[in-house]
Every structure is written in C-alpha cells, then in structure tokens.
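Asks: Before we start, here is the structure in question, set down as structure tokens.
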Amino acid sequence: MKFTRIITFTSFPMWLAAVAFMGVASAQEGTPLPPAGEPAATTQPAPPSVIKDPSIAAATPAMPADERLACKRVVVVEDIPYKWDPLEKGTDAAWTSYMNGEFPKSVPVFAKLAALGHPVAEWLMGNVYFFGQGVPLDYRTALMWFEKAANQGCFAAYAPTAQMYERGDGTAVDLGKAYLWYNIAVAQLPQGKQRREMAELRDNVAAQLTTAQLEAAQKRSLQFKADPIVPPDISELPDDFFKQP
C-alpha cells in the first residue's frame, strides 16, 4: 500500500483523480514512503509511559472522510468561494503525458500551477524532484514542495514530508518535524488498517525522542491549522499561461 493511494478527491479533473488512485509510483517505481509495515531501521517501540495517544482527531472539526483526506479544497474568504478549477485547463493532457514518461511536456504545466500555490501541483512537484522526472533529482526542492502542500492541508503530502525529515533527505534529520507530520496524518485517517500503519511510522519516530521532545512535537501537531492559498483570478494570469510546452 502506498500512502498516496488512499487519498480521495471529488469533482477533480482526470489528472487529480488519477494522482489520488494511481499514485506517482505508477509512473516511476519508488516512493518517498516505504511499503506499509516496513519498520524504520534501528528503532525500538517506545515505552507505554512515553507514548501518549496524541491523536488530534478530537480537535479537528468534523467533516466527511473524503474531505479530510483531500488535497484541493474550495477556499472561502469573506463568504466568497475561490476555486482552482478554472486554472486547470490543459492538465488532463499534461497528466497523460506525465504517465507516459513525457516529462518535458508535462512537468512545466504542473510547475506553473505549483508556482501559483495549487496544492496538488505542489505535491506532484515534490514527486517530480524526488524522482528526478525531467529535472535533476533534488531532495531539498522535493521537500520544499511537499511541505508547501502539507501546510495547505494536503493529506497526500503529510507522510512524504514526515519521512524526508525522518531520513534527512534534503535536510538535516529532524525527528520532531517527522513526528509532527506523521501525527497530523494519523489524525485524519479513520480507524482501520491504514491508520494503524501510519501510527506505526509515527511511533517508530516517537521511540527516538526524549519525553520533552515528544511533548513538544505533540503540542505542535495539536496547534497545526492548514493555511490554504487563495487561487488567483484567471484574469490576473499572463496571456500565455495556458500555452502548452
């Protein structure tokens, strides 16, 4: 099971739905996350007295499961809804090219959307740089895109961001941040196998933290609030924005 496969989206163009159900691993083998159930190296279970149940589910407003596991949402500002949909022209064709490995044709389309703050495009660019798809492999840039998406509340970006901090890919190892993102991901999942697997990844990290470090990471996860970017008006874009490469 790849964690990118458990995301559900509604009313998305083909490329967004395909990202949700197929995962980037379909385009290229490998993933920022290990296969489910693969334990992190050299970790031991934390003592029960250290591990609390820090699930933030109780502090999260109730919403349908598919919404909690989504990535792109309508952003409402002063009762006015702003949507990304009008800016996604040409993404179906770009996704087809991407899945065919035609990265020079597809990646620039998603890069432009990511630059505007489209959360799914940001997540996809994280994969692009993680795997070196049409660009030089660059873990630092991959982490930047994953974390941008995660900060917007993109569920698909939580676990990749966590694991890059856990492993020190593109950054210094930061187990506190790794725990933070794993714990936020756990809180969004309903009870079941997927939640248990994500919690295991989180607890493997917790086992390496001191009590004080764990409490600090738990506090930060409780305080997390997604900060979605407001989609720009299509009239604000340059005339050649939708021009295909």
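Chain labels run A, B, ... following the order of the structure tokens; each chain numbers its residues from 1, and ligands are numbered from 1 in the order shown.
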Which residues, written as JSON, numbers by chain, have at least one atom at most 6 Å from segment 128-132 of chain A, with only C-alpha atoms counted and residues fewer than 6 positions away on the same chain left out?
Replies: {"A": [138, 139, 142]}
Asks: Using atom CA of Ala149 of chain A and atom CA of Trp95 of chain A as the two end points, give the distance in Å to one decimal.
Replies: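 Taking atom CA of Ala149 of chain A and atom CA of Trp95 of chain A, their separation equals 18.6 Å.
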Asks: Ranking A:Gly168, A:Gly126, A:Gly117, A:Gly90 by minimum distance to Met144 of chain A and counting only C-alpha atoms, which one comes first?
Replies: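 Nearest to Met144 of chain A: A:Gly126.
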Asks: Which residue out of A:Leu87, A:Leu143, A:Met125, A:Ala216 has the minimum interatomic distance to Ser235 of chain A when only C-alpha atoms are used?
Replies: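 Distance minimum relative to Ser235 of chain A lands on A:Leu87.
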Asks: So what do you get for atom CA of Tyr165 of chain A versus atom CA of Ala121 of chain A, distance-wise?
Replies: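 Separation between atom CA of Tyr165 of chain A and atom CA of Ala121 of chain A: 20.9 Å.
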Asks: Nearest to Arg68 of chain A: which of A:Thr91, A:Thr161, A:Gln188, A:Asn100 is it, counting only C-alpha atoms?
Replies: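 That would be A:Gln188, the residue with the smallest distance to Arg68 of chain A.
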Asks: State, in Å with one decimal place, the distance from atom CA of Ala172 of chain A to atom CA of Val120 of chain A.
Replies: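 Between these atoms lies a distance of 25.4 Å.
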Asks: Quick one: everything within 7 Å of Asn183 of chain A, counting only C-alpha atoms, minus sequence neighbours fewer than 4 positions away in the same chain. Send it as JSON, numbers by chain.
Replies: {"A": [55, 179, 187, 202, 221]}
Asks: Produce a file of the selected residues containing all heavy atoms, as a compact mmCIF listing (two decimals), in the first residue's frame.
Replies:
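So the final result, stored in out-v2.txt, reads:
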```txt
# COMPACT_ATOMS: atom_id res chain seq x y z
N SER A 55 -3.53 11.70 19.20
CA SER A 55 -4.40 11.94 18.06
C SER A 55 -5.10 13.27 18.21
O SER A 55 -5.64 13.60 19.26
CB SER A 55 -5.44 10.83 17.94
OG SER A 55 -6.42 11.18 17.00
N TYR A 179 7.71 13.55 13.40
CA TYR A 179 6.59 13.15 14.25
C TYR A 179 5.39 14.06 14.01
O TYR A 179 4.24 13.59 13.92
CB TYR A 179 7.00 13.21 15.72
CG TYR A 179 5.89 12.79 16.66
CD1 TYR A 179 5.80 11.48 17.11
CD2 TYR A 179 4.90 13.70 17.06
CE1 TYR A 179 4.77 11.08 17.95
CE2 TYR A 179 3.86 13.31 17.88
CZ TYR A 179 3.80 12.00 18.33
OH TYR A 179 2.77 11.61 19.13
N ALA A 187 -4.20 11.59 12.45
CA ALA A 187 -5.44 12.19 12.94
C ALA A 187 -6.52 12.30 11.87
O ALA A 187 -7.70 12.33 12.19
CB ALA A 187 -5.17 13.57 13.52
N ARG A 202 4.66 6.77 12.87
CA ARG A 202 4.77 7.84 13.86
C ARG A 202 5.44 7.35 15.13
O ARG A 202 6.34 8.00 15.69
CB ARG A 202 3.38 8.38 14.18
CG ARG A 202 3.35 9.46 15.26
CD ARG A 202 1.95 9.62 15.83
NE ARG A 202 1.52 8.42 16.54
CZ ARG A 202 0.28 8.23 16.99
NH1 ARG A 202 -0.65 9.14 16.77
NH2 ARG A 202 -0.04 7.12 17.63
N SER A 221 1.64 19.53 16.83
CA SER A 221 0.66 18.88 15.97
C SER A 221 -0.76 19.30 16.35
O SER A 221 -1.63 19.44 15.50
CB SER A 221 0.81 17.36 16.01
OG SER A 221 0.44 16.84 17.28
```
Asks: Looking at only C-alpha atoms, which of A:Val74, A:Ile234, A:Ala226, A:Leu175 is the one that sits closest to Asn151 of chain A?
Replies: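 The closest residue to Asn151 of chain A is A:Ala226.
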Asks: Determine the nearest neighbour of Tyr98 of chain A from the options A:Leu124, A:Leu113, A:Leu237, A:Ala159, counting only C-alpha atoms.
Replies: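 For Tyr98 of chain A, the nearest of the candidates is A:Leu124.
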Asks: What's the 8 Å shell around Pro231 of chain A, counting only C-alpha atoms, without same-chain residues fewer than 4 positions away, as number ranges by chain?
Replies: A: 75, 82-84, 116-118
Asks: Using only C-alpha atoms, which of A:Thr141, A:Ile184, A:Thr171, A:Phe241 sits nearest Gly153 of chain A?
Replies: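 Between A:Thr141, A:Ile184, A:Thr171, A:Phe241, the residue approaching Gly153 of chain A most closely is A:Ile184.
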Asks: Can you tell me which residues surround Pro108 of chain A at a distance of at most 10 Å, considering only C-alpha atoms, apart from same-chain residues fewer than 4 positions away, and format the answer as an MDAnalysis selection string?
Replies: chainID A and resid 94 103:104 112:114 125 134 244:245
Asks: Just the alpha helix (DSSP H) stuff from segment 57-231 of chain A, please, per backbone DSSP, written as JSON, numbers by chain.
Replies: {"A": [65, 66, 67, 68, 91, 92, 93, 94, 95, 96, 97, 98, 99, 103, 104, 105, 106, 107, 108, 109, 110, 111, 112, 113, 114, 115, 116, 119, 120, 121, 122, 123, 124, 125, 126, 127, 128, 129, 130, 131, 139, 140, 141, 142, 143, 144, 145, 146, 147, 148, 149, 150, 151, 155, 156, 157, 158, 159, 160, 161, 162, 163, 164, 165, 166, 167, 175, 176, 177, 178, 179, 180, 181, 182, 183, 184, 185, 186, 187, 188, 193, 194, 195, 196, 197, 198, 199, 200, 201, 202, 203, 204, 205, 206, 211, 212, 213, 214, 215, 216, 217, 218, 219, 220, 221, 222, 223]}
Asks: Need to verify the contact set: Val186 of chain A, 7 Å, only C-alpha atoms, exclusion of same-chain residues closer than 4 positions in sequence. Can you return it as a ChimeraX atom specification?
Replies: /A:55,182,195,198-199
Asks: Could you write out the selected residues, including N, CA, C and O atoms, as an mmCIF file, in the first residue's frame?
Replies:
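This went into again16.cif:
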```cif
data_model
loop_
_atom_site.group_PDB
_atom_site.id
_atom_site.type_symbol
_atom_site.label_atom_id
_atom_site.label_comp_id
_atom_site.auth_asym_id
_atom_site.auth_seq_id
_atom_site.Cartn_x
_atom_site.Cartn_y
_atom_site.Cartn_z
ATOM 1 N N SER A 55 -3.534 11.705 19.201
ATOM 2 C CA SER A 55 -4.397 11.939 18.059
ATOM 3 C C SER A 55 -5.104 13.270 18.212
ATOM 4 O O SER A 55 -5.636 13.602 19.262
ATOM 5 N N TYR A 182 3.655 13.036 10.690
ATOM 6 C CA TYR A 182 3.035 11.717 10.813
ATOM 7 C C TYR A 182 1.793 11.790 11.698
ATOM 8 O O TYR A 182 0.751 11.194 11.398
ATOM 9 N N ARG A 195 -4.806 3.636 9.220
ATOM 10 C CA ARG A 195 -4.452 4.469 10.379
ATOM 11 C C ARG A 195 -3.413 3.764 11.250
ATOM 12 O O ARG A 195 -2.465 4.392 11.732
ATOM 13 N N MET A 198 0.015 4.061 9.619
ATOM 14 C CA MET A 198 0.582 5.400 9.751
ATOM 15 C C MET A 198 1.016 5.640 11.193
ATOM 16 O O MET A 198 2.062 6.246 11.453
ATOM 17 N N ALA A 199 0.221 5.167 12.145
ATOM 18 C CA ALA A 199 0.572 5.333 13.550
ATOM 19 C C ALA A 199 1.860 4.583 13.885
ATOM 20 O O ALA A 199 2.653 5.038 14.725
#
```
Asks: I need the residues of segment 43-237 of chain A that end up classed as strand (DSSP E) by DSSP on the backbone, written out as a PyMOL selection string.
Replies: chain A and resi 75-77+80-82
